[in-house]
Amino acid sequence: MALIRRWLDGLRRHSLRLTKYGLVGIAGFVVDVGGFNLLRFAGGHGPLYDMPLAAKAISTAMGVVVAWLGHRYWTFRENRRFAVHREFVGFVVVSLIGLGISLVPLAISHHALGLRSALADNISANIIGLGLATAFRYWAMHTRVFTEVRPTAPETVGTRPL
């Protein structure tokens, strides 16, 4: 019971940040999927119609940048690093590890268990894999990427200009 109570208390403490994290994640997802479809199919045959892997690589990179900016300036704004390049590299590394985590259930389901239907692939990749990867990325962003505490402005309550 104590473990569940601690978990629920932690969830309450992080509820606003988790909401922001989810909204930024949705924005990154929309940019990724929308960018992919625009690159492949805009006007029937988009500029990368015959190159789906290149389209996916570009759209994923765009989604990662949108997510990093959203998390840096909104979700974790009070913990963003002064060394922007280190923060971005850490963000990309965590994103790539998350990608690997999301591929594991799909690989197990599709290749080891032989479940190859569209439904099985979507459940393993986009429910189980994405859920595990999202939990990992939130933990890693909170504890490894956005870790600096930014100074706040000193309080001026009760002081009057002369």
# chains A, B, ... in the order shown; residues from 1 in each chain; ligands from 1
$ residues_around --residues "range 123-135 of chain A" --least-positions-apart "6" --cutoff "6 Å" --atoms "only C-alpha atoms" --output "PyMOL selection string"
chain A and resi 98+101-102+105-106
$ residues_around --residues "range 43-58 of chain A" --least-positions-apart "5" --cutoff "12 Å" --atoms "only C-alpha atoms" --output "list in words"
Val31, Asp32, Val33, Gly34, Gly35, Phe36, Asn37, Leu38, Gly63, Val64 and Val65 of chain A
$ select_by_dssp --residues "chain A" --states "alpha helix (DSSP H)" --output "JSON, numbers by chain"
{"A": [2, 3, 4, 5, 6, 7, 8, 9, 10, 11, 12, 13, 15, 16, 17, 18, 19, 20, 21, 22, 23, 24, 25, 26, 27, 28, 29, 30, 31, 32, 33, 34, 35, 36, 37, 38, 39, 40, 41, 52, 53, 54, 55, 56, 57, 58, 59, 60, 61, 62, 63, 64, 65, 66, 67, 68, 69, 70, 84, 85, 86, 87, 88, 89, 90, 91, 92, 93, 94, 95, 96, 97, 98, 99, 100, 101, 102, 103, 104, 105, 106, 107, 118, 119, 120, 121, 122, 130, 131, 132, 133, 134, 135, 136, 137, 138, 139, 140]}
$ closest_residue --among "A:Arg116, A:Phe41, A:Gly28, A:Thr75" --to "Leu16 in chain A" --atoms "only C-alpha atoms"
A:Thr75
$ residues_around --residues "range 76-82 of chain A" --least-positions-apart "6" --cutoff "8 Å" --atoms "only C-alpha atoms" --output "tab-separated table (two decimals) with all heavy atoms, in the first residue's frame"
chain	number	residue	atom	x	y	z
A	17	ARG	N	3.48	18.87	-15.24
A	17	ARG	CA	4.59	18.62	-16.15
A	17	ARG	C	4.27	17.46	-17.09
A	17	ARG	O	4.61	17.51	-18.27
A	17	ARG	CB	5.87	18.35	-15.37
A	17	ARG	CG	7.07	18.20	-16.30
A	17	ARG	CD	8.35	18.06	-15.57
A	17	ARG	NE	8.83	19.38	-15.21
A	17	ARG	CZ	9.86	19.58	-14.40
A	17	ARG	NH1	10.49	18.57	-13.87
A	17	ARG	NH2	10.25	20.79	-14.13
A	142	HIS	N	13.66	14.31	-17.35
A	142	HIS	CA	13.55	14.89	-16.02
A	142	HIS	C	14.84	14.72	-15.21
A	142	HIS	O	15.22	15.61	-14.45
A	142	HIS	CB	12.37	14.26	-15.28
A	142	HIS	CG	12.16	14.75	-13.90
A	142	HIS	ND1	11.75	16.04	-13.62
A	142	HIS	CD2	12.33	14.14	-12.72
A	142	HIS	CE1	11.68	16.18	-12.31
A	142	HIS	NE2	12.01	15.04	-11.74
A	145	VAL	N	18.47	15.17	-18.82
A	145	VAL	CA	18.63	16.19	-19.86
A	145	VAL	C	18.36	17.59	-19.30
A	145	VAL	O	19.21	18.47	-19.39
A	145	VAL	CB	17.70	15.91	-21.07
A	145	VAL	CG1	17.81	17.01	-22.10
A	145	VAL	CG2	18.04	14.56	-21.69
A	146	PHE	N	17.20	17.79	-18.74
A	146	PHE	CA	16.82	19.11	-18.22
A	146	PHE	C	17.06	19.11	-16.71
A	146	PHE	O	16.14	18.89	-15.92
A	146	PHE	CB	15.36	19.42	-18.56
A	146	PHE	CG	15.10	19.47	-20.04
A	146	PHE	CD1	14.48	18.42	-20.69
A	146	PHE	CD2	15.49	20.57	-20.78
A	146	PHE	CE1	14.24	18.47	-22.05
A	146	PHE	CE2	15.25	20.63	-22.15
A	146	PHE	CZ	14.63	19.57	-22.78
A	147	THR	N	18.30	19.36	-16.31
A	147	THR	CA	18.67	19.16	-14.92
A	147	THR	C	19.18	20.40	-14.20
A	147	THR	O	19.40	20.35	-12.99
A	147	THR	CB	19.77	18.08	-14.81
A	147	THR	OG1	20.88	18.48	-15.60
A	147	THR	CG2	19.25	16.73	-15.28
A	148	GLU	N	19.42	21.47	-14.89
A	148	GLU	CA	19.92	22.66	-14.22
A	148	GLU	C	18.77	23.47	-13.65
A	148	GLU	O	17.73	23.62	-14.27
A	148	GLU	CB	20.74	23.52	-15.19
A	148	GLU	CG	22.05	22.88	-15.56
A	148	GLU	CD	22.94	23.78	-16.40
A	148	GLU	OE1	22.70	25.00	-16.45
A	148	GLU	OE2	23.87	23.24	-17.01
A	149	VAL	N	18.98	24.00	-12.46
A	149	VAL	CA	17.98	24.86	-11.84
A	149	VAL	C	18.35	26.29	-12.17
A	149	VAL	O	19.44	26.76	-11.86
A	149	VAL	CB	17.94	24.65	-10.31
A	149	VAL	CG1	16.95	25.60	-9.68
A	149	VAL	CG2	17.60	23.21	-10.00
A	150	ARG	N	17.44	26.96	-12.83
A	150	ARG	CA	17.70	28.35	-13.24
A	150	ARG	C	17.37	29.28	-12.09
A	150	ARG	O	16.39	29.11	-11.40
A	150	ARG	CB	16.88	28.69	-14.48
A	150	ARG	CG	17.24	27.77	-15.65
A	150	ARG	CD	16.48	28.08	-16.90
A	150	ARG	NE	16.89	29.30	-17.55
A	150	ARG	CZ	17.97	29.44	-18.30
A	150	ARG	NH1	18.80	28.43	-18.44
A	150	ARG	NH2	18.24	30.58	-18.89
$ closest_residue --among "A:Trp68, A:Leu115, A:Tyr73, A:Val84" --to "Met141 in chain A" --atoms "only C-alpha atoms"
A:Trp68
$ atom_distance --atom1 "CA of Val89 in chain A" --atom2 "CA of His14 in chain A"
24.6 Å
$ decode --residues "range 115-146 of chain A" --atoms "N, CA, C and O atoms" --output "PDB file, in the first residue's frame"
ATOM      1  N   LEU A 115       3.357 -12.610 -35.085  1.00  0.00           N
ATOM      2  CA  LEU A 115       2.103 -11.854 -35.162  1.00  0.00           C
ATOM      3  C   LEU A 115       2.321 -10.704 -36.145  1.00  0.00           C
ATOM      4  O   LEU A 115       2.902  -9.690 -35.793  1.00  0.00           O
ATOM      5  N   ARG A 116       1.845 -10.852 -37.371  1.00  0.00           N
ATOM      6  CA  ARG A 116       2.194  -9.920 -38.439  1.00  0.00           C
ATOM      7  C   ARG A 116       1.039  -9.111 -39.000  1.00  0.00           C
ATOM      8  O   ARG A 116       1.185  -8.434 -40.002  1.00  0.00           O
ATOM      9  N   SER A 117      -0.077  -9.128 -38.336  1.00  0.00           N
ATOM     10  CA  SER A 117      -1.212  -8.345 -38.841  1.00  0.00           C
ATOM     11  C   SER A 117      -0.983  -6.868 -38.529  1.00  0.00           C
ATOM     12  O   SER A 117      -0.160  -6.502 -37.681  1.00  0.00           O
ATOM     13  N   ALA A 118      -1.723  -6.028 -39.226  1.00  0.00           N
ATOM     14  CA  ALA A 118      -1.631  -4.584 -38.971  1.00  0.00           C
ATOM     15  C   ALA A 118      -2.021  -4.280 -37.527  1.00  0.00           C
ATOM     16  O   ALA A 118      -1.401  -3.438 -36.875  1.00  0.00           O
ATOM     17  N   LEU A 119      -3.030  -4.972 -37.010  1.00  0.00           N
ATOM     18  CA  LEU A 119      -3.465  -4.758 -35.631  1.00  0.00           C
ATOM     19  C   LEU A 119      -2.356  -5.144 -34.651  1.00  0.00           C
ATOM     20  O   LEU A 119      -2.040  -4.387 -33.722  1.00  0.00           O
ATOM     21  N   ALA A 120      -1.742  -6.298 -34.848  1.00  0.00           N
ATOM     22  CA  ALA A 120      -0.665  -6.747 -33.950  1.00  0.00           C
ATOM     23  C   ALA A 120       0.517  -5.787 -34.003  1.00  0.00           C
ATOM     24  O   ALA A 120       1.097  -5.441 -32.966  1.00  0.00           O
ATOM     25  N   ASP A 121       0.891  -5.356 -35.212  1.00  0.00           N
ATOM     26  CA  ASP A 121       2.007  -4.411 -35.340  1.00  0.00           C
ATOM     27  C   ASP A 121       1.695  -3.087 -34.656  1.00  0.00           C
ATOM     28  O   ASP A 121       2.551  -2.503 -33.998  1.00  0.00           O
ATOM     29  N   ASN A 122       0.477  -2.593 -34.806  1.00  0.00           N
ATOM     30  CA  ASN A 122       0.105  -1.327 -34.176  1.00  0.00           C
ATOM     31  C   ASN A 122       0.034  -1.434 -32.658  1.00  0.00           C
ATOM     32  O   ASN A 122       0.454  -0.514 -31.956  1.00  0.00           O
ATOM     33  N   ILE A 123      -0.477  -2.535 -32.149  1.00  0.00           N
ATOM     34  CA  ILE A 123      -0.530  -2.711 -30.697  1.00  0.00           C
ATOM     35  C   ILE A 123       0.882  -2.796 -30.126  1.00  0.00           C
ATOM     36  O   ILE A 123       1.211  -2.123 -29.149  1.00  0.00           O
ATOM     37  N   SER A 124       1.735  -3.607 -30.742  1.00  0.00           N
ATOM     38  CA  SER A 124       3.079  -3.776 -30.199  1.00  0.00           C
ATOM     39  C   SER A 124       3.932  -2.523 -30.370  1.00  0.00           C
ATOM     40  O   SER A 124       4.678  -2.146 -29.464  1.00  0.00           O
ATOM     41  N   ALA A 125       3.805  -1.832 -31.496  1.00  0.00           N
ATOM     42  CA  ALA A 125       4.642  -0.654 -31.748  1.00  0.00           C
ATOM     43  C   ALA A 125       4.073   0.611 -31.132  1.00  0.00           C
ATOM     44  O   ALA A 125       4.790   1.363 -30.473  1.00  0.00           O
ATOM     45  N   ASN A 126       2.788   0.855 -31.338  1.00  0.00           N
ATOM     46  CA  ASN A 126       2.217   2.154 -30.992  1.00  0.00           C
ATOM     47  C   ASN A 126       1.474   2.200 -29.666  1.00  0.00           C
ATOM     48  O   ASN A 126       1.075   3.278 -29.235  1.00  0.00           O
ATOM     49  N   ILE A 127       1.276   1.059 -29.033  1.00  0.00           N
ATOM     50  CA  ILE A 127       0.686   1.067 -27.689  1.00  0.00           C
ATOM     51  C   ILE A 127       1.750   0.623 -26.683  1.00  0.00           C
ATOM     52  O   ILE A 127       2.151   1.388 -25.818  1.00  0.00           O
ATOM     53  N   ILE A 128       2.237  -0.597 -26.833  1.00  0.00           N
ATOM     54  CA  ILE A 128       3.222  -1.102 -25.875  1.00  0.00           C
ATOM     55  C   ILE A 128       4.558  -0.386 -26.039  1.00  0.00           C
ATOM     56  O   ILE A 128       5.098   0.177 -25.084  1.00  0.00           O
ATOM     57  N   GLY A 129       5.104  -0.388 -27.248  1.00  0.00           N
ATOM     58  CA  GLY A 129       6.416   0.220 -27.481  1.00  0.00           C
ATOM     59  C   GLY A 129       6.439   1.705 -27.216  1.00  0.00           C
ATOM     60  O   GLY A 129       7.331   2.214 -26.520  1.00  0.00           O
ATOM     61  N   LEU A 130       5.463   2.409 -27.752  1.00  0.00           N
ATOM     62  CA  LEU A 130       5.404   3.854 -27.544  1.00  0.00           C
ATOM     63  C   LEU A 130       5.167   4.191 -26.077  1.00  0.00           C
ATOM     64  O   LEU A 130       5.754   5.136 -25.544  1.00  0.00           O
ATOM     65  N   GLY A 131       4.345   3.403 -25.386  1.00  0.00           N
ATOM     66  CA  GLY A 131       4.113   3.630 -23.959  1.00  0.00           C
ATOM     67  C   GLY A 131       5.379   3.454 -23.140  1.00  0.00           C
ATOM     68  O   GLY A 131       5.720   4.301 -22.301  1.00  0.00           O
ATOM     69  N   LEU A 132       6.117   2.371 -23.371  1.00  0.00           N
ATOM     70  CA  LEU A 132       7.377   2.150 -22.650  1.00  0.00           C
ATOM     71  C   LEU A 132       8.399   3.227 -22.974  1.00  0.00           C
ATOM     72  O   LEU A 132       9.087   3.744 -22.087  1.00  0.00           O
ATOM     73  N   ALA A 133       8.511   3.585 -24.250  1.00  0.00           N
ATOM     74  CA  ALA A 133       9.483   4.600 -24.660  1.00  0.00           C
ATOM     75  C   ALA A 133       9.130   5.965 -24.084  1.00  0.00           C
ATOM     76  O   ALA A 133      10.018   6.717 -23.665  1.00  0.00           O
ATOM     77  N   THR A 134       7.854   6.290 -24.034  1.00  0.00           N
ATOM     78  CA  THR A 134       7.425   7.580 -23.484  1.00  0.00           C
ATOM     79  C   THR A 134       7.745   7.663 -21.997  1.00  0.00           C
ATOM     80  O   THR A 134       8.246   8.690 -21.519  1.00  0.00           O
ATOM     81  N   ALA A 135       7.500   6.586 -21.259  1.00  0.00           N
ATOM     82  CA  ALA A 135       7.835   6.571 -19.830  1.00  0.00           C
ATOM     83  C   ALA A 135       9.340   6.741 -19.638  1.00  0.00           C
ATOM     84  O   ALA A 135       9.785   7.527 -18.789  1.00  0.00           O
ATOM     85  N   PHE A 136      10.146   6.034 -20.424  1.00  0.00           N
ATOM     86  CA  PHE A 136      11.593   6.180 -20.325  1.00  0.00           C
ATOM     87  C   PHE A 136      12.030   7.602 -20.656  1.00  0.00           C
ATOM     88  O   PHE A 136      12.832   8.198 -19.941  1.00  0.00           O
ATOM     89  N   ARG A 137      11.510   8.149 -21.751  1.00  0.00           N
ATOM     90  CA  ARG A 137      11.929   9.498 -22.161  1.00  0.00           C
ATOM     91  C   ARG A 137      11.554  10.539 -21.116  1.00  0.00           C
ATOM     92  O   ARG A 137      12.351  11.441 -20.832  1.00  0.00           O
ATOM     93  N   TYR A 138      10.384  10.431 -20.517  1.00  0.00           N
ATOM     94  CA  TYR A 138      10.019  11.391 -19.474  1.00  0.00           C
ATOM     95  C   TYR A 138      11.004  11.305 -18.313  1.00  0.00           C
ATOM     96  O   TYR A 138      11.516  12.314 -17.842  1.00  0.00           O
ATOM     97  N   TRP A 139      11.267  10.092 -17.846  1.00  0.00           N
ATOM     98  CA  TRP A 139      12.220   9.913 -16.752  1.00  0.00           C
ATOM     99  C   TRP A 139      13.591  10.477 -17.127  1.00  0.00           C
ATOM    100  O   TRP A 139      14.202  11.209 -16.346  1.00  0.00           O
ATOM    101  N   ALA A 140      14.072  10.161 -18.307  1.00  0.00           N
ATOM    102  CA  ALA A 140      15.404  10.606 -18.726  1.00  0.00           C
ATOM    103  C   ALA A 140      15.463  12.118 -18.922  1.00  0.00           C
ATOM    104  O   ALA A 140      16.460  12.757 -18.558  1.00  0.00           O
ATOM    105  N   MET A 141      14.409  12.707 -19.481  1.00  0.00           N
ATOM    106  CA  MET A 141      14.397  14.165 -19.652  1.00  0.00           C
ATOM    107  C   MET A 141      14.439  14.852 -18.290  1.00  0.00           C
ATOM    108  O   MET A 141      15.155  15.824 -18.089  1.00  0.00           O
ATOM    109  N   HIS A 142      13.661  14.306 -17.355  1.00  0.00           N
ATOM    110  CA  HIS A 142      13.553  14.891 -16.017  1.00  0.00           C
ATOM    111  C   HIS A 142      14.842  14.724 -15.208  1.00  0.00           C
ATOM    112  O   HIS A 142      15.219  15.612 -14.452  1.00  0.00           O
ATOM    113  N   THR A 143      15.506  13.586 -15.363  1.00  0.00           N
ATOM    114  CA  THR A 143      16.665  13.302 -14.517  1.00  0.00           C
ATOM    115  C   THR A 143      18.016  13.459 -15.205  1.00  0.00           C
ATOM    116  O   THR A 143      19.039  13.553 -14.522  1.00  0.00           O
ATOM    117  N   ARG A 144      18.063  13.497 -16.537  1.00  0.00           N
ATOM    118  CA  ARG A 144      19.344  13.521 -17.242  1.00  0.00           C
ATOM    119  C   ARG A 144      19.532  14.693 -18.200  1.00  0.00           C
ATOM    120  O   ARG A 144      20.649  15.143 -18.397  1.00  0.00           O
ATOM    121  N   VAL A 145      18.472  15.166 -18.823  1.00  0.00           N
ATOM    122  CA  VAL A 145      18.627  16.193 -19.857  1.00  0.00           C
ATOM    123  C   VAL A 145      18.362  17.586 -19.300  1.00  0.00           C
ATOM    124  O   VAL A 145      19.212  18.466 -19.391  1.00  0.00           O
ATOM    125  N   PHE A 146      17.197  17.792 -18.743  1.00  0.00           N
ATOM    126  CA  PHE A 146      16.820  19.112 -18.218  1.00  0.00           C
ATOM    127  C   PHE A 146      17.061  19.108 -16.710  1.00  0.00           C
ATOM    128  O   PHE A 146      16.142  18.895 -15.922  1.00  0.00           O
TER     129      PHE A 146
END
